[in-house]
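Asks: Once you've had a glance at the structure underneath, I'll fire off some questions.
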Amino acid sequence: MADDSSGASPSVGTRQQRSGIESQPETRRSDSPGSEHGRSILICLLRLDLRLHDNALFYYAHQTPKPIVHPLDGKVDLSNVTKEALLGSSSDYLLPVFVFDEREMELSGLPNYERKGPEARTREFGFWKTGSFRTRFISESVYDLRSRLRESGSDLLIRFGFPEEVIYNLVEAIQSAGDTVEGVWMQKEMTYPETEVESQIQARLQGKGVPIHFVHGKTLIHPNDLPFAPNETPDVFTPFRKRVEALGPKMVRPPLTCPDKFKPFPSNLPKIPDYALDVTYEVDVDGFAPRAPETKDQQQGQLSFHDILRYLLTPLNGSQLPRTLESNALLQQRHPASAFPLRGGETSALDRLDWYFVRGKSADSSRWGKADPPPVARYKQTRNNLLGHAYSTKMSPFLAYGSISPRQIWEALDAHEEKFGEDQNTYWVRFELLWRDYFFFVAEKFGNLLYELGGFELVTDPRQAAKKVEDGWWKKWDPLRDGPENEMTRLLEGRTGIPFIDANILELRESGFMSNRGRQNIASFLSKDLGYDWRIGAEFFQSHLIDYDPTSNYGNWQYVAGVGNDPRASRQFNTIKQAKDYDSHGEYVKMWIPALRNLHPDYVHTPWLLDEEERRRYGLKTTRMEVTMDGYPSRPLIEHEGWHKHYERRQGVGSKMHGNPQEKVKDVKVPRRHKPNNRFRPSASVGVSGGLSAVDRSNDLMAASAGTQLGHSGPPRNVIPPLRLASGSIGPGYVQRQSQGLPLVATSNSFAATGKPVVKQGVAGASIGPPANRPRAFDFGSRPISMNGHDGAKARRDDQAAQVVGFGTSPLATVPFNTGATNASSKADSEASWRRGPTA
Ligand SMILES: Cc1cc2nc3c(=O)[nH]c(=O)nc-3n(C[C@H](O)[C@H](O)[C@H](O)COP(=O)(O)OP(=O)(O)OC[C@H]3O[C@@H](n4cnc5c(N)ncnc54)[C@H](O)[C@@H]3O)c2cc1C
């Protein structure tokens with residue numbers, strides 16, 4: 001038996017490891033002495049459940065196995081006992097394992113790593129599956145888990161390659177060394193390729209006499225508690241929600257406790273042939289902590305977390321696609337203006353949970369007086385904002401990698417409500433968590449249709465679906481052949497000339513995050529306004545989002561593209577209305593598109609309405625396609641008829657940035673929840689591994705930078721442009737360009753000559769949006785915007801109230817991320833149609 005233990009301290013490392021590719025030092029932790037042979041070891045494969053708390057693997061690994069008695073014996077009533085609840089382990093040792101999976105991440109940058117499969121690229125359009133921001137986030141989450149396990153008396157074995165091979169090799173080696181493997185446990189996933197890993201492990205371990213157990217920990221509602229079979233999950237969200245809410249307090253089980261002390265990690269592990277590479281000295285993952293001078297010599301040739309991260313990021317630069325479309329290794333540092341400025345891992349997740357639900361301040365003292373509850377108390381009002389980190393929970397990346405469980409968030413809501421009472425704000429977070437569950441269970445029902453062009457509709461409405469998979473329904477795009485002027489290329493590079501669209505794409509590309517509002521708008525624009533294959537967007541998101549989650553991503557894309565679970569599949573966003581509703585002062589757009597910073601807010605969403613002289617006055621260089629510091633495309637890629645009536649809306653008018661009072665969930669029966677128990681104590685976890693200090697630092701950066709940027713925004717003093725009405729006629733240039741087959745350029749005065757707007761398209765002769773055979777339904781609403789709703793003083797009060805204070809005493813509070821006026825919403829408003837949408 002090969003032994004890779006030297007007994008060295010895990011955090012110091014040894015000189016033998018200088019080649020960089022050695023067995024991990026963490027496998028050298030010592031456990032109980034004298035246990036050389038005949039040990040019983042339980043292997044837990046961690047995948048998308050990178051946490052200690054409420055982790056069924058760790059919980060059941062520390063439970064004594066219960067005798068399984070046949071129900072007919074009458075000794076144990078099994079009717080209310082799930083199989084999982086009988087799970088327990090009598091092993092002496094626990095071996096937690098994580099494998100960086102070659103299918104998902106590009107590992108070819110690791111020294112001497114030999115890739116066995118193809119590059120880790122998305123299925124249809126070949127983006128890197130895991131872009132730079134997520135690569136960093138996952139790495140942080142894994143190493144944080146290892147630190148936490150070490151603090152609990154255990155450890156984490158980290159390997160690179162295919163999980164099924166690592167598990168097989170481990171089982172082989174352990175058994176040949178005379179020890180036994182009590183079982184291999186993992187959390188059950190529902191989507192490919194995770195399910196592929198599961199079946200591969202099952203296949204490889206056949207005949208090895210090792211039982212495999214799956215636990216459920218992904219969803220809020222335990223699958224066994226659903227009031228219907230998986231294949232009976234309703235095809236529409238509302239019936240799903242009503243049926244599960246009818247379960248009342250039984251809907252959500254309380255989180256499982258974290259073991260006080262973990263079973264020991266087995267020392268003297270036999271060597272396995274899989275690729276190992278690990279940090280040989282610890283360094284703060286943000287890289288702020290200086291190395292201790294006295295250890296510099298020891299650190300020569302050894303590896304830090306940053307070295308490994310660099311190996312994982314480097315291949316992303318060598319892309320087959322145009323580099324402007326791809327995730328870039330240089331873009332992985334937290335952006336100062338990022339709405340998600342947090343590092344990965346359970347430590348960070350618990351800190352955020354504590355801040356958002358317990359410790360933070362919503363700064364809404366007008367309502368609460370001195371009590372000043374945490375930000376969740378204003379969730380419904382702020383959740384559609386776009387700037388700053390505080391407008392929503394920012395739990396999604398942590399949920400995606402399982403650094404937190406939805407049940408922990410549920411329990412945090414319970415605790416909050418105990419103190420401040422239930423209302424629409426807390427209900428709305430629960431409602432969103434149910435959407436997450438819904439997409440998960442629906443994906444389980446429909447399997448790989450999740451990734452198909454025809455979507456779930458192939459089963460739910462095959463006749464409709466048949467039309468939508470015919471050639472010509474969706475426009476095609478070839479990232480390798482279609483040049484930089486192609487519509488889709490321009491969209492994905494943030495160069496459409498439509499600021500609200502471009503700002504969202506640029507935010508995603510430069511920070512790895514995009515708000516829910518932004519995602520809905522991009523998805524609608526790509527699939528409905530432009531009419532492209534929705535999977536281009538879904539794969540682009542998959543590559544770039546930190547919080548990528550297969551069921552939430554593909555489920556939402558299907559929903560918006562009209563091939564999924566939306567009963568009104570043809571609804572479509574009006575980009576300009578959305579921009580003026582949710583960025584009514586243009587601050588979001590100015591944040592991400594520096595060229596527009598000097599523009600007056602009334603024009604910032606429609607810069608094409610400015611003439612040459614006005615553009616010059618605002619210092620805006622006229623370009624055809626470029627987005628630079630001072631230049632921005634002078635014409636939008638397309639212009640929609642339905643946009644025109646919003647052109648005249650002034651800043652702040654009809655803003656929904658402070659919530660939409662009309663937005664209600666019908667038939668809500670907020671279930672009375674069980675009393676919070678003592679298991680949830682997020683504060684207790686704060687500070688473990690220094691999570692809090694890192695967060696503080698990143699927010700200081702954000703405040704400084706954002707403040708500077710905003711300082712330059714706004715119109716030049718005393719230059720308030722007149723709001724120009726659309727007037728004029730289709731100019732001769734339009735006709736000329738059209739006859740020459742050149743891209744059409746929309747002019748501000750080219751649509752109202754006859755009172756009938758002309759919809760313009762980027763390429764002459766092409767029709768706007770989807771092909772002609774597609775039914776179009778604009779759902780923009782017909783009610784004219786009321787100018788009476790604007791109350792300046794009220795707007796200012798709202799602005800102040802909306803400045804949610806950042807973490808601790810961070811000067812983030814000075815960033816006016818949330819300004820606007822009162823709502824001028826109406827029943828006929830297009831928002832209404834989205835009330836039943838994923839985030840209604
Ligand atoms: C086209 C598109 C793609 C999306 N892709 C993803 C994705 O890959 N991963 C992902 O986690 N979410 C995705 N979403 C859902 C949603 O945009 C994000 O969950 C949300 O913006 C994350 O921010 P938050 O955690 O602050 O959300 P909050 O507003 O604070 O909501 C709390 C939690 O509820 C869940 N949630 C909220 N909205 C949705 C929704 N529409 N669908 C499912 N769950 C929801 C999330 O887990 C979220 O963390 C997508 C939405 C759209 C329209």
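Residue names in the structure tokens use chain letters A, B, ... in the order shown, residue numbers from 1 in each chain, and ligand numbers from 1 in the order shown.
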Can you tell me which residues surround Val279 (chain A) at a distance of at most 8 Å, considering only C-alpha atoms, apart from same-chain residues fewer than 6 positions away, and format the answer as an MDAnalysis selection string?
Replies: chainID A and resid 302:305 308
Asks: To check your reading of the model: which residues sit at most 6 Å from ligand 1 when counting only C-alpha atoms and all ligand atoms? Write the answer as a list of chain:residue names.
Replies: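 Using only C-alpha atoms and all ligand atoms, everything at most 6 Å from ligand 1 comes to A:Arg383, A:Ser392, A:Thr393, A:Lys394, A:Met395, A:Ser396, A:Val429, A:Glu432, A:Leu433, A:Trp435, A:Arg436, A:Ser515, A:Asn516, A:Arg519, A:Gln520, A:Ala523, A:Asp547, A:Tyr548, A:Asp549, A:Ser552, A:Asn553, A:Asn556, A:Trp557, A:Pro838, A:Thr839.
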Asks: Tell me, as a list in words, which residues lie within 12 Å of Phe162 (chain A), counting only C-alpha atoms; anything in the same chain fewer than 6 positions away does not count.
Replies: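 Everything that qualifies: Phe98, Val99, Phe100, Asp101, Glu102, Arg103, Glu104, Met105, Leu107, Glu114, Arg115, Lys116, Gly117, Tyr168, Asn169, Pro193, Glu194, Glu196, Val197, Glu198, Gln200, Ile201, Asp274 and Tyr275 of chain A.
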Asks: For those residues, write C-alpha atoms to a file as a CSV table (one decimal), in the first residue's frame.
Replies:
```
chain,number,residue,atom,x,y,z
A,98,PHE,CA,-14.5,17.1,-4.2
A,99,VAL,CA,-13.5,16.7,-7.9
A,100,PHE,CA,-13.0,19.6,-10.2
A,101,ASP,CA,-14.9,17.9,-13.1
A,102,GLU,CA,-13.3,18.0,-16.5
A,103,ARG,CA,-16.7,18.1,-18.1
A,104,GLU,CA,-17.5,21.4,-16.5
A,105,MET,CA,-14.3,23.2,-16.2
A,107,LEU,CA,-8.4,21.9,-16.6
A,114,GLU,CA,-3.8,15.4,-19.6
A,115,ARG,CA,-7.3,16.1,-20.7
A,116,LYS,CA,-9.2,12.9,-21.6
A,117,GLY,CA,-12.3,14.4,-23.0
A,168,TYR,CA,-13.6,4.2,-8.5
A,169,ASN,CA,-9.9,4.5,-7.9
A,193,PRO,CA,-24.4,16.2,-16.8
A,194,GLU,CA,-24.7,15.7,-13.0
A,196,GLU,CA,-24.4,11.3,-16.0
A,197,VAL,CA,-21.8,11.3,-13.2
A,198,GLU,CA,-24.3,9.5,-10.9
A,200,GLN,CA,-21.2,6.4,-14.3
A,201,ILE,CA,-20.4,6.0,-10.6
A,274,ASP,CA,-5.8,10.7,-10.2
A,275,TYR,CA,-4.5,14.2,-10.7
```
Asks: Could you work out how far CA of Arg635 (chain A) lies from CA of Leu610 (chain A), giving the answer in Å with one decimal?
Replies: 10.2 Å
Asks: Excluding same-chain residues fewer than 3 positions from Gly360 (chain A), what lies within 6 Å of it counting only C-alpha atoms, as a count of residues only?
Replies: 3
Asks: Record the distance separating CA of Arg359 (chain A) and CA of Glu418 (chain A), expressed in Å with one decimal.
Replies: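 Interatomic distance, CA of Arg359 (chain A) to CA of Glu418 (chain A): 14.9 Å.
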Asks: May I ask which of the residues A:Leu205, A:Ile404, A:Leu95, A:Ala120 is the closest one to Leu156 (chain A), counting only C-alpha atoms?
Replies: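 Looking only at the distances to Leu156 (chain A), the closest residue turns out to be A:Leu95.
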Asks: Which residues, written as a list in words, have at least one atom at most 6 Å from Ser584 (chain A), with only C-alpha atoms counted and residues fewer than 4 positions away on the same chain left out?
Replies: Lys580, Gln651, Gly652 and Ser655 of chain A
Asks: For the residues in the current selection, export C-alpha atoms as an mmCIF file, in the first residue's frame.
Replies:
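Below is the file out_12.cif, written as the result:
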```cif
data_model
loop_
_atom_site.group_PDB
_atom_site.id
_atom_site.type_symbol
_atom_site.label_atom_id
_atom_site.label_comp_id
_atom_site.auth_asym_id
_atom_site.auth_seq_id
_atom_site.Cartn_x
_atom_site.Cartn_y
_atom_site.Cartn_z
ATOM 1 C CA LYS A 580 -37.624 54.126 -17.901
ATOM 2 C CA GLN A 651 -36.753 61.025 -15.816
ATOM 3 C CA GLY A 652 -38.400 59.726 -12.685
ATOM 4 C CA SER A 655 -40.632 54.909 -11.944
#
```
Asks: Between A:Val184, A:Leu52, A:Leu220, A:Met251, which residue has the minimum interatomic distance to Ser152 (chain A), considering only C-alpha atoms?
Replies: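 Checking each candidate against Ser152 (chain A), we get A:Leu52 as the closest.
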Asks: State, in Å with one decimal place, the distance from CA of Ile409 (chain A) to CA of Leu353 (chain A).
Replies: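 Between these atoms lies a distance of 7.3 Å.
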Asks: Considering only C-alpha atoms, return as a list in words whatever protein or nucleic-acid residues lie within 7 Å of region 592-594 of chain A, sequence-local ones (same chain, fewer than 6 positions apart) excluded.
Replies: Ala503, Leu506, Glu507 and Met629 of chain A
Asks: Can you write out the residues you just picked, keeping N, CA and C atoms, as a tab-separated table (two decimals), in the first residue's frame?
Replies:
```
chain	number	residue	atom	x	y	z
A	503	ALA	N	-26.02	47.91	-21.33
A	503	ALA	CA	-25.55	48.01	-19.94
A	503	ALA	C	-25.68	46.68	-19.23
A	506	LEU	N	-23.00	44.35	-20.52
A	506	LEU	CA	-21.67	44.74	-20.03
A	506	LEU	C	-21.52	44.43	-18.55
A	507	GLU	N	-22.60	44.60	-17.80
A	507	GLU	CA	-22.53	44.25	-16.38
A	507	GLU	C	-22.22	42.75	-16.24
A	629	MET	N	-14.97	54.75	-24.18
A	629	MET	CA	-15.14	55.73	-23.11
A	629	MET	C	-15.95	56.94	-23.59
```
Asks: Between A:Thr622, A:Asn328, A:Thr460, A:Gln578, single out the one closest to Val442 (chain A), counting only C-alpha atoms.
Replies: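 Closest to Val442 (chain A) of all the choices is A:Thr460.
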Asks: What's the 8 Å shell around Ala569 (chain A), counting only C-alpha atoms, without same-chain residues fewer than 5 positions away, as JSON, numbers by chain?
Replies: {"A": [559, 560, 561, 562, 563, 564]}
Asks: Could you write out that same residue set with N, CA and C atoms as a PDB file, in the first residue's frame?
Replies:
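Below is the file selection-v4.pdb, written as the result:
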```pdb
ATOM      1  N   TYR A 559     -39.011  29.917 -20.438  1.00  0.00           N
ATOM      2  CA  TYR A 559     -40.204  30.662 -20.031  1.00  0.00           C
ATOM      3  C   TYR A 559     -40.331  31.953 -20.842  1.00  0.00           C
ATOM      4  N   VAL A 560     -39.235  32.715 -20.875  1.00  0.00           N
ATOM      5  CA  VAL A 560     -39.296  34.009 -21.567  1.00  0.00           C
ATOM      6  C   VAL A 560     -39.390  33.813 -23.078  1.00  0.00           C
ATOM      7  N   ALA A 561     -38.709  32.788 -23.580  1.00  0.00           N
ATOM      8  CA  ALA A 561     -38.737  32.559 -25.031  1.00  0.00           C
ATOM      9  C   ALA A 561     -40.081  31.986 -25.489  1.00  0.00           C
ATOM     10  N   GLY A 562     -40.908  31.582 -24.546  1.00  0.00           N
ATOM     11  CA  GLY A 562     -42.241  31.103 -24.898  1.00  0.00           C
ATOM     12  C   GLY A 562     -42.297  29.638 -25.286  1.00  0.00           C
ATOM     13  N   VAL A 563     -41.336  28.857 -24.811  1.00  0.00           N
ATOM     14  CA  VAL A 563     -41.391  27.412 -25.108  1.00  0.00           C
ATOM     15  C   VAL A 563     -41.419  26.595 -23.812  1.00  0.00           C
ATOM     16  N   GLY A 564     -41.623  27.296 -22.704  1.00  0.00           N
ATOM     17  CA  GLY A 564     -41.557  26.611 -21.410  1.00  0.00           C
ATOM     18  C   GLY A 564     -42.871  26.669 -20.669  1.00  0.00           C
TER      19      GLY A 564
END
```
Asks: From the DSSP assignment of the backbone, select every residue of region 171-365 of chain A that is strand (DSSP E or B), and format the answer as a list in words.
Replies: Thr180, Val181, Glu182, Gly183, Val184, Trp185, Met186, Gln187, Ile212, His213, Phe214, Val215, Pro270 and Tyr275 of chain A
Asks: Name the residues of region 300-478 of chain A that come out as helix (DSSP H, G or I) in a backbone DSSP run; write them as a ChimeraX atom specification.
Replies: /A:305-317,323-325,346-359,365-371,375-382,396-400,406-420,424-451,457-460,462-468
Asks: Select, from A:Val210, A:Ala466, A:Leu321, A:Ala415, the residue with the minimum atom-to-atom distance to Thr489 (chain A), counting only C-alpha atoms.
Replies: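 For Thr489 (chain A), the nearest of the candidates is A:Leu321.
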